[in-house]
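Student: Sharing my_file-v1.csv (CSV, C-alpha atoms) below.
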```csv
chain,number,residue,atom,x,y,z
A,1390,GLU,CA,0.0,0.0,0.0
A,1391,THR,CA,1.1,3.5,-0.6
A,1392,GLY,CA,-0.1,6.9,0.6
A,1393,VAL,CA,0.5,8.2,-2.9
A,1394,THR,CA,-1.9,7.2,-5.6
A,1395,GLN,CA,-1.5,7.6,-9.3
A,1396,THR,CA,-4.0,7.4,-12.2
A,1397,PRO,CA,-4.1,6.0,-14.7
A,1398,ARG,CA,-1.8,3.1,-14.0
A,1399,HIS,CA,-1.3,2.4,-17.8
A,1400,LEU,CA,-1.7,4.8,-20.7
A,1401,VAL,CA,-1.2,4.4,-24.4
A,1402,MET,CA,-1.3,7.6,-26.4
A,1403,GLY,CA,-0.5,8.7,-29.9
A,1404,MET,CA,2.0,11.4,-30.6
A,1405,THR,CA,-0.7,14.0,-31.3
A,1406,ASN,CA,-2.8,13.2,-28.2
A,1407,LYS,CA,-3.2,15.3,-25.1
A,1408,LYS,CA,-3.5,13.4,-21.9
A,1409,SER,CA,-2.8,14.0,-18.2
A,1410,LEU,CA,-1.4,11.9,-15.3
A,1411,LYS,CA,-2.8,12.5,-11.9
A,1412,CYS,CA,-1.3,12.1,-8.5
A,1413,GLU,CA,-2.7,12.4,-5.0
A,1414,GLN,CA,-0.9,12.1,-1.7
A,1415,HIS,CA,-2.6,11.3,1.6
A,1416,LEU,CA,0.4,11.8,3.8
A,1417,GLY,CA,0.1,15.5,4.7
A,1418,HIS,CA,3.3,16.2,2.9
A,1419,ASN,CA,4.2,19.6,1.4
A,1420,ALA,CA,6.5,18.6,-1.4
A,1421,MET,CA,5.6,16.6,-4.5
A,1422,TYR,CA,7.7,15.3,-7.3
A,1423,TRP,CA,7.6,13.8,-10.8
A,1424,TYR,CA,10.2,11.3,-11.7
A,1425,LYS,CA,10.8,9.4,-14.9
A,1426,GLN,CA,12.1,5.9,-14.9
A,1427,SER,CA,13.3,4.5,-18.3
A,1428,ALA,CA,14.8,1.1,-18.9
A,1429,LYS,CA,18.4,0.9,-17.9
A,1430,LYS,CA,18.5,4.5,-16.7
A,1431,PRO,CA,18.6,6.0,-13.2
A,1432,LEU,CA,15.5,7.6,-11.8
A,1433,GLU,CA,15.3,11.1,-13.4
A,1434,LEU,CA,13.9,13.9,-11.3
A,1435,MET,CA,11.6,16.0,-13.5
A,1436,PHE,CA,9.8,18.5,-11.3
A,1437,VAL,CA,9.6,19.5,-7.7
A,1438,TYR,CA,6.8,21.4,-6.0
A,1439,ASN,CA,7.0,22.8,-2.5
A,1440,PHE,CA,3.9,24.3,-1.0
A,1441,LYS,CA,2.4,24.4,-4.5
A,1442,GLU,CA,5.3,26.4,-5.9
A,1443,GLN,CA,7.5,24.8,-8.5
A,1444,THR,CA,11.1,24.8,-7.2
A,1445,GLU,CA,12.7,22.5,-9.7
A,1446,ASN,CA,12.4,22.0,-13.4
A,1447,ASN,CA,15.2,19.6,-14.4
A,1448,SER,CA,15.4,20.8,-18.0
A,1449,VAL,CA,12.3,18.9,-18.9
A,1450,PRO,CA,10.9,19.5,-22.5
A,1451,SER,CA,7.9,21.7,-22.7
A,1452,ARG,CA,5.7,18.9,-24.0
A,1453,PHE,CA,5.6,17.9,-20.3
A,1454,SER,CA,3.6,20.5,-18.3
A,1455,PRO,CA,3.1,20.0,-14.5
A,1456,GLU,CA,0.3,21.5,-12.4
A,1457,CYS,CA,0.0,21.6,-8.7
A,1458,PRO,CA,-3.3,23.1,-7.5
A,1459,ASN,CA,-2.7,22.2,-3.9
A,1460,SER,CA,-0.2,20.3,-1.7
A,1461,SER,CA,-2.1,17.1,-2.1
A,1462,HIS,CA,-2.5,17.0,-5.9
A,1463,LEU,CA,-0.1,17.0,-8.8
A,1464,PHE,CA,-0.7,16.6,-12.5
A,1465,LEU,CA,1.5,16.0,-15.5
A,1466,HIS,CA,-0.1,17.2,-18.7
A,1467,LEU,CA,1.3,15.5,-21.8
A,1468,HIS,CA,1.0,16.7,-25.4
A,1469,THR,CA,2.8,15.9,-28.6
A,1470,LEU,CA,5.0,13.3,-27.0
A,1471,GLN,CA,7.6,11.2,-28.7
A,1472,PRO,CA,8.1,7.5,-28.6
A,1473,GLU,CA,11.2,7.9,-26.5
A,1474,ASP,CA,9.0,9.4,-23.8
A,1475,SER,CA,7.6,6.0,-23.1
A,1476,ALA,CA,8.5,5.2,-19.5
A,1477,LEU,CA,7.3,4.7,-16.0
A,1478,TYR,CA,6.3,8.1,-14.5
A,1479,LEU,CA,6.5,8.1,-10.8
A,1480,CYS,CA,4.9,10.6,-8.5
A,1481,ALA,CA,6.3,11.1,-5.0
A,1482,SER,CA,6.0,13.2,-2.0
A,1483,SER,CA,8.0,14.2,1.1
A,1484,GLN,CA,7.9,16.5,4.1
A,1485,SER,CA,9.1,19.9,3.1
A,1486,GLN,CA,12.5,21.3,4.0
A,1487,GLY,CA,15.4,19.6,5.6
A,1488,THR,CA,18.1,17.3,4.2
A,1489,GLY,CA,16.6,14.1,5.6
A,1490,ASN,CA,13.6,13.9,3.3
A,1491,THR,CA,12.4,10.5,2.6
A,1492,ILE,CA,10.7,10.1,-0.7
A,1493,TYR,CA,7.4,8.2,-0.8
A,1494,PHE,CA,6.6,7.0,-4.3
A,1495,GLY,CA,3.3,6.2,-5.9
A,1496,GLU,CA,2.9,3.0,-7.9
A,1497,GLY,CA,3.6,4.8,-11.2
A,1498,SER,CA,1.9,5.4,-14.5
A,1499,TRP,CA,3.2,3.3,-17.3
A,1500,LEU,CA,3.2,5.4,-20.5
A,1501,THR,CA,3.5,4.1,-24.0
A,1502,VAL,CA,3.7,6.6,-26.8
A,1503,VAL,CA,2.9,5.1,-30.2
B,188,GLY,CA,27.5,17.9,-10.7
B,189,GLN,CA,27.0,15.2,-8.2
B,190,GLN,CA,27.1,11.6,-9.4
B,191,VAL,CA,25.9,8.6,-7.5
B,192,MET,CA,27.3,5.3,-8.8
B,193,GLN,CA,26.3,1.8,-7.8
B,194,ILE,CA,28.1,-1.4,-8.4
B,195,PRO,CA,27.4,-4.0,-9.5
B,196,GLN,CA,24.7,-3.3,-11.9
B,197,TYR,CA,23.4,-6.9,-11.8
B,198,GLN,CA,23.8,-9.4,-9.0
B,199,HIS,CA,22.9,-13.1,-9.4
B,200,VAL,CA,22.8,-14.8,-6.1
B,201,GLN,CA,22.2,-18.4,-5.1
B,202,GLU,CA,19.5,-18.6,-2.4
B,203,GLY,CA,21.2,-18.7,1.0
B,204,GLU,CA,24.4,-16.9,-0.1
B,205,ASP,CA,25.5,-13.4,1.1
B,206,PHE,CA,26.2,-10.5,-1.2
B,207,THR,CA,27.1,-6.8,-1.0
B,208,THR,CA,26.2,-3.9,-3.2
B,209,TYR,CA,28.0,-0.6,-3.2
B,210,CYS,CA,27.1,3.0,-3.6
B,211,ASN,CA,29.7,5.8,-4.3
B,212,SER,CA,29.1,9.5,-4.6
B,213,SER,CA,31.4,12.0,-6.3
B,214,THR,CA,30.6,14.5,-3.5
B,215,THR,CA,30.0,14.4,0.2
B,216,LEU,CA,26.5,13.4,1.2
B,217,SER,CA,24.5,14.8,4.1
B,218,ASN,CA,22.7,11.5,4.3
B,219,ILE,CA,22.2,8.4,2.2
B,220,GLN,CA,19.0,6.6,1.6
B,221,TRP,CA,18.3,3.1,0.3
B,222,TYR,CA,15.2,2.1,-1.7
B,223,LYS,CA,14.0,-1.3,-3.0
B,224,GLN,CA,11.9,-1.7,-6.1
B,225,ARG,CA,10.4,-5.1,-6.7
B,226,PRO,CA,9.8,-6.2,-10.3
B,227,GLY,CA,6.8,-4.3,-11.7
B,228,GLY,CA,6.6,-2.2,-8.5
B,229,HIS,CA,7.7,1.2,-7.3
B,230,PRO,CA,10.7,2.2,-5.2
B,231,VAL,CA,10.0,1.8,-1.5
B,232,PHE,CA,12.1,3.5,1.2
B,233,LEU,CA,14.2,1.1,3.3
B,234,ILE,CA,16.5,3.2,5.5
B,235,GLN,CA,18.4,6.4,5.9
B,236,LEU,CA,21.9,6.8,7.3
B,237,VAL,CA,23.1,10.2,8.5
B,238,LYS,CA,26.2,9.9,10.6
B,239,SER,CA,29.7,9.2,9.4
B,240,GLY,CA,30.5,5.5,9.8
B,241,GLU,CA,26.9,4.7,10.8
B,242,VAL,CA,25.8,1.1,10.6
B,243,LYS,CA,22.1,0.0,10.7
B,244,LYS,CA,20.6,-3.4,10.5
B,245,GLN,CA,17.2,-4.6,9.3
B,246,LYS,CA,16.9,-8.3,9.9
B,247,ARG,CA,19.3,-9.8,7.2
B,248,LEU,CA,20.1,-6.4,5.7
B,249,THR,CA,23.1,-4.4,7.0
B,250,PHE,CA,23.6,-0.8,5.8
B,251,GLN,CA,26.8,1.2,6.2
B,252,PHE,CA,27.7,4.8,5.6
B,253,GLY,CA,31.3,5.5,5.0
B,254,GLU,CA,33.5,7.6,7.2
B,255,ALA,CA,33.9,10.2,4.5
B,256,LYS,CA,30.2,10.2,3.8
B,257,LYS,CA,30.8,9.5,0.1
B,258,ASN,CA,30.0,5.9,0.0
B,259,SER,CA,27.7,3.3,1.4
B,260,SER,CA,27.1,-0.4,1.2
B,261,LEU,CA,24.2,-2.8,1.6
B,262,HIS,CA,25.0,-6.4,2.7
B,263,ILE,CA,22.4,-9.1,2.6
B,264,THR,CA,23.0,-12.3,4.4
B,265,ALA,CA,21.3,-15.7,3.6
B,266,THR,CA,19.6,-14.3,0.5
B,267,GLN,CA,16.0,-15.3,0.0
B,268,THR,CA,13.8,-15.2,-3.1
B,269,THR,CA,11.9,-12.3,-1.4
B,270,ASP,CA,15.1,-10.2,-1.8
B,271,VAL,CA,14.6,-10.1,-5.6
B,272,GLY,CA,14.4,-6.5,-6.9
B,273,THR,CA,16.5,-3.5,-7.7
B,274,TYR,CA,18.2,-1.7,-4.8
B,275,PHE,CA,18.8,2.1,-5.2
B,276,CYS,CA,20.9,4.4,-3.1
B,277,ALA,CA,20.1,8.1,-3.2
B,278,GLY,CA,21.5,11.1,-1.5
B,279,PRO,CA,21.3,14.8,-1.6
B,280,PRO,CA,24.6,16.7,-1.9
B,281,GLY,CA,26.0,18.2,1.3
B,282,GLY,CA,24.0,21.2,2.5
B,283,ASP,CA,20.4,22.0,2.4
B,284,SER,CA,19.6,20.6,-1.0
B,285,TRP,CA,16.3,18.9,0.0
B,286,GLY,CA,14.3,17.4,-2.8
B,287,LYS,CA,17.3,17.0,-5.0
B,288,LEU,CA,17.9,13.3,-4.2
B,289,GLN,CA,20.4,11.9,-6.7
B,290,PHE,CA,19.6,8.3,-7.4
B,291,GLY,CA,22.1,5.7,-8.4
B,292,ALA,CA,21.2,3.4,-11.4
B,293,GLY,CA,20.5,0.6,-9.0
B,294,THR,CA,21.7,-3.0,-8.4
B,295,GLN,CA,19.3,-5.5,-9.9
B,296,VAL,CA,19.3,-8.6,-7.8
B,297,VAL,CA,18.2,-12.0,-9.1
B,298,VAL,CA,18.0,-14.9,-6.7
B,299,THR,CA,18.3,-18.5,-7.9
B,300,PRO,CA,16.5,-21.0,-5.7
```
Take the structure in this file and express it as structure tokens.
Tutor:
Amino acid sequence: ETGVTQTPRHLVMGMTNKKSLKCEQHLGHNAMYWYKQSAKKPLELMFVYNFKEQTENNSVPSRFSPECPNSSHLFLHLHTLQPEDSALYLCASSQSQGTGNTIYFGEGSWLTVV
Amino acid sequence: GQQVMQIPQYQHVQEGEDFTTYCNSSTTLSNIQWYKQRPGGHPVFLIQLVKSGEVKKQKRLTFQFGEAKKNSSLHITATQTTDVGTYFCAGPPGGDSWGKLQFGAGTQVVVTP
């Protein structure tokens, strides 16, 4: 079980489609993250939000657009993706501030771009 | 920038054997965290080490943080099939760099019965 829930769990989309990934955390955390996990690559941090404010954009292409309406919800809007964007997208949350933050991951959204 | 490297990338272990996986950072870490990801699952937090030379145990798992706080190890004794998965280490660089956990590429562990 996880306190971070992601929907949908699986998504297949064409390169011209527009879709969104949703994440909700039930842990009372103030920081939320999007990570990308591709085969044979380390986890890649994409975006960080702290108290709804974006504090990190790790040089992510503009075809990925995050939205954080409140500390409990995080979206990743997808448009005109490329096949190489196919990956597992993990949402995560943590307590805000401090160097000892533990990251709690959701179960991920498997994205396939065709 | 900071790099976190893990070796080995793959570890095939006979059930009942011991093994160790290593994590090395190019910079000093304020703390080191270990996560486990089962096949088809998501990373799950295992433990955090903060002090130089710190050693922590979780049943058959022993975690160690190096004296210089630039490396760490995970030792598993009497490996079981439930140990299958990928083990990631992660750490923020020294200082207040919360949220910028740098993950290693992971050690994928396969256990042969």
Student: Within 9 Å of Pro300 in chain B, counting all atoms listed in the file, which residues qualify if same-chain residues fewer than 6 places away don't, as a list in words?
Tutor: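 Skipping anything fewer than 6 positions along the chain leaves Val200, Gln201, Glu202, Gly203, Gln267 and Thr268 of chain B.
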Student: What residues in chain B lie within 12 Å of chain A, counting only C-alpha atoms, written as a PyMOL selection string?
Tutor: chain B and resi 190-193+196-197+216-238+273-295
Student: I need the residue nearest Leu261 in chain B from this list: B:Thr208, B:Glu241, B:Ile194, B:His199. Use all atoms listed in the file for the distance.
Tutor: B:Thr208
Student: Excluding Phe1453 in chain A and any residue of its chain fewer than 4 positions from it, enumerate the residues within 12 Å of it, using all atoms listed in the file, and give them as a list in words.
Tutor: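 The residues that qualify are Lys1407, Lys1408, Ser1409, Leu1410, Trp1423, Tyr1424, Lys1425, Met1435, Phe1436, Asn1446, Asn1447, Ser1448, Val1449, Phe1464, Leu1465, His1466, Leu1467, His1468, Thr1469, Leu1470, Gln1471, Asp1474 and Tyr1478 of chain A.
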Student: Export C-alpha atoms of the chosen residues as a compact mmCIF listing (two decimals), in the frame of the given file?
Tutor:
```txt
# COMPACT_ATOMS: atom_id res chain seq x y z
CA LYS A 1407 -3.20 15.30 -25.10
CA LYS A 1408 -3.50 13.40 -21.90
CA SER A 1409 -2.80 14.00 -18.20
CA LEU A 1410 -1.40 11.90 -15.30
CA TRP A 1423 7.60 13.80 -10.80
CA TYR A 1424 10.20 11.30 -11.70
CA LYS A 1425 10.80 9.40 -14.90
CA MET A 1435 11.60 16.00 -13.50
CA PHE A 1436 9.80 18.50 -11.30
CA ASN A 1446 12.40 22.00 -13.40
CA ASN A 1447 15.20 19.60 -14.40
CA SER A 1448 15.40 20.80 -18.00
CA VAL A 1449 12.30 18.90 -18.90
CA PHE A 1464 -0.70 16.60 -12.50
CA LEU A 1465 1.50 16.00 -15.50
CA HIS A 1466 -0.10 17.20 -18.70
CA LEU A 1467 1.30 15.50 -21.80
CA HIS A 1468 1.00 16.70 -25.40
CA THR A 1469 2.80 15.90 -28.60
CA LEU A 1470 5.00 13.30 -27.00
CA GLN A 1471 7.60 11.20 -28.70
CA ASP A 1474 9.00 9.40 -23.80
CA TYR A 1478 6.30 8.10 -14.50
```
Student: CA of Ala1476 in chain A and CA of Ser259 in chain B, how far apart in Å?
Tutor: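 CA of Ala1476 in chain A lies 28.4 Å from CA of Ser259 in chain B.
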Student: Return the single residue from B:Asp205, B:Gln198, B:Ser239, B:Ser212 that is closest to His262 in chain B, with distances computed using all atoms listed in the file.
Tutor: B:Asp205
Student: Any idea what the distance is between CA of Asn1459 in chain A and CA of Pro1397 in chain A?
Tutor: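 Going from CA of Asn1459 in chain A over to CA of Pro1397 in chain A covers 19.5 Å.
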Student: So how many Å separate CA of Val1393 in chain A and CA of Leu1500 in chain A, to one decimal?
Tutor: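 Separation of CA of Val1393 in chain A and CA of Leu1500 in chain A: 18.0 Å.
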Student: Would you mind completing range 226-246 of chain B to N, CA, C and O atoms and writing the output as a PDB file, keeping the file's coordinate frame?
Tutor:
```
ATOM      1  N   PRO B 226      10.189  -6.169  -8.912  1.00  0.00           N
ATOM      2  CA  PRO B 226       9.800  -6.200 -10.300  1.00  0.00           C
ATOM      3  C   PRO B 226       8.380  -5.789 -10.541  1.00  0.00           C
ATOM      4  O   PRO B 226       7.474  -6.313  -9.898  1.00  0.00           O
ATOM      5  N   GLY B 227       8.170  -4.814 -11.424  1.00  0.00           N
ATOM      6  CA  GLY B 227       6.800  -4.300 -11.700  1.00  0.00           C
ATOM      7  C   GLY B 227       6.282  -3.381 -10.640  1.00  0.00           C
ATOM      8  O   GLY B 227       5.145  -2.914 -10.741  1.00  0.00           O
ATOM      9  N   GLY B 228       7.090  -3.072  -9.640  1.00  0.00           N
ATOM     10  CA  GLY B 228       6.600  -2.200  -8.500  1.00  0.00           C
ATOM     11  C   GLY B 228       7.257  -0.848  -8.568  1.00  0.00           C
ATOM     12  O   GLY B 228       7.857  -0.431  -9.551  1.00  0.00           O
ATOM     13  N   HIS B 229       7.129  -0.153  -7.452  1.00  0.00           N
ATOM     14  CA  HIS B 229       7.700   1.200  -7.300  1.00  0.00           C
ATOM     15  C   HIS B 229       8.727   1.195  -6.218  1.00  0.00           C
ATOM     16  O   HIS B 229       8.717   0.324  -5.344  1.00  0.00           O
ATOM     17  N   PRO B 230       9.648   2.161  -6.252  1.00  0.00           N
ATOM     18  CA  PRO B 230      10.700   2.200  -5.200  1.00  0.00           C
ATOM     19  C   PRO B 230      10.030   2.431  -3.823  1.00  0.00           C
ATOM     20  O   PRO B 230       9.146   3.271  -3.664  1.00  0.00           O
ATOM     21  N   VAL B 231      10.530   1.682  -2.851  1.00  0.00           N
ATOM     22  CA  VAL B 231      10.000   1.800  -1.500  1.00  0.00           C
ATOM     23  C   VAL B 231      11.221   2.086  -0.569  1.00  0.00           C
ATOM     24  O   VAL B 231      12.260   1.418  -0.650  1.00  0.00           O
ATOM     25  N   PHE B 232      11.064   3.069   0.283  1.00  0.00           N
ATOM     26  CA  PHE B 232      12.100   3.500   1.200  1.00  0.00           C
ATOM     27  C   PHE B 232      12.474   2.334   2.146  1.00  0.00           C
ATOM     28  O   PHE B 232      11.606   1.673   2.717  1.00  0.00           O
ATOM     29  N   LEU B 233      13.776   2.094   2.312  1.00  0.00           N
ATOM     30  CA  LEU B 233      14.200   1.100   3.300  1.00  0.00           C
ATOM     31  C   LEU B 233      14.828   1.727   4.509  1.00  0.00           C
ATOM     32  O   LEU B 233      14.454   1.387   5.627  1.00  0.00           O
ATOM     33  N   ILE B 234      15.793   2.640   4.293  1.00  0.00           N
ATOM     34  CA  ILE B 234      16.500   3.200   5.500  1.00  0.00           C
ATOM     35  C   ILE B 234      17.250   4.438   5.082  1.00  0.00           C
ATOM     36  O   ILE B 234      17.511   4.693   3.895  1.00  0.00           O
ATOM     37  N   GLN B 235      17.586   5.200   6.100  1.00  0.00           N
ATOM     38  CA  GLN B 235      18.400   6.400   5.900  1.00  0.00           C
ATOM     39  C   GLN B 235      19.553   6.375   6.896  1.00  0.00           C
ATOM     40  O   GLN B 235      19.373   6.051   8.069  1.00  0.00           O
ATOM     41  N   LEU B 236      20.733   6.721   6.419  1.00  0.00           N
ATOM     42  CA  LEU B 236      21.900   6.800   7.300  1.00  0.00           C
ATOM     43  C   LEU B 236      22.389   8.279   7.224  1.00  0.00           C
ATOM     44  O   LEU B 236      22.401   8.898   6.155  1.00  0.00           O
ATOM     45  N   VAL B 237      22.748   8.784   8.377  1.00  0.00           N
ATOM     46  CA  VAL B 237      23.100  10.200   8.500  1.00  0.00           C
ATOM     47  C   VAL B 237      24.521  10.429   8.992  1.00  0.00           C
ATOM     48  O   VAL B 237      25.233  11.300   8.505  1.00  0.00           O
ATOM     49  N   LYS B 238      24.938   9.641   9.950  1.00  0.00           N
ATOM     50  CA  LYS B 238      26.200   9.900  10.600  1.00  0.00           C
ATOM     51  C   LYS B 238      27.361   9.163   9.891  1.00  0.00           C
ATOM     52  O   LYS B 238      27.196   8.059   9.362  1.00  0.00           O
ATOM     53  N   SER B 239      28.506   9.776   9.935  1.00  0.00           N
ATOM     54  CA  SER B 239      29.700   9.200   9.400  1.00  0.00           C
ATOM     55  C   SER B 239      29.977   7.838  10.058  1.00  0.00           C
ATOM     56  O   SER B 239      29.969   7.742  11.288  1.00  0.00           O
ATOM     57  N   GLY B 240      30.202   6.786   9.257  1.00  0.00           N
ATOM     58  CA  GLY B 240      30.500   5.500   9.800  1.00  0.00           C
ATOM     59  C   GLY B 240      29.297   4.726  10.363  1.00  0.00           C
ATOM     60  O   GLY B 240      29.449   3.640  10.935  1.00  0.00           O
ATOM     61  N   GLU B 241      28.111   5.270  10.189  1.00  0.00           N
ATOM     62  CA  GLU B 241      26.900   4.700  10.800  1.00  0.00           C
ATOM     63  C   GLU B 241      26.612   3.303  10.154  1.00  0.00           C
ATOM     64  O   GLU B 241      26.800   3.092   8.960  1.00  0.00           O
ATOM     65  N   VAL B 242      26.182   2.391  11.002  1.00  0.00           N
ATOM     66  CA  VAL B 242      25.800   1.100  10.600  1.00  0.00           C
ATOM     67  C   VAL B 242      24.371   0.793  11.128  1.00  0.00           C
ATOM     68  O   VAL B 242      24.119   1.001  12.309  1.00  0.00           O
ATOM     69  N   LYS B 243      23.482   0.358  10.249  1.00  0.00           N
ATOM     70  CA  LYS B 243      22.100   0.000  10.700  1.00  0.00           C
ATOM     71  C   LYS B 243      21.767  -1.363  10.118  1.00  0.00           C
ATOM     72  O   LYS B 243      22.184  -1.710   9.015  1.00  0.00           O
ATOM     73  N   LYS B 244      20.977  -2.087  10.900  1.00  0.00           N
ATOM     74  CA  LYS B 244      20.600  -3.400  10.500  1.00  0.00           C
ATOM     75  C   LYS B 244      19.051  -3.519  10.401  1.00  0.00           C
ATOM     76  O   LYS B 244      18.340  -2.987  11.270  1.00  0.00           O
ATOM     77  N   GLN B 245      18.585  -4.221   9.394  1.00  0.00           N
ATOM     78  CA  GLN B 245      17.200  -4.600   9.300  1.00  0.00           C
ATOM     79  C   GLN B 245      17.141  -6.065   8.987  1.00  0.00           C
ATOM     80  O   GLN B 245      17.322  -6.481   7.847  1.00  0.00           O
ATOM     81  N   LYS B 246      16.963  -6.858  10.011  1.00  0.00           N
ATOM     82  CA  LYS B 246      16.900  -8.300   9.900  1.00  0.00           C
ATOM     83  C   LYS B 246      18.205  -8.774   9.130  1.00  0.00           C
ATOM     84  O   LYS B 246      19.314  -8.660   9.656  1.00  0.00           O
TER      85      LYS B 246
END
```
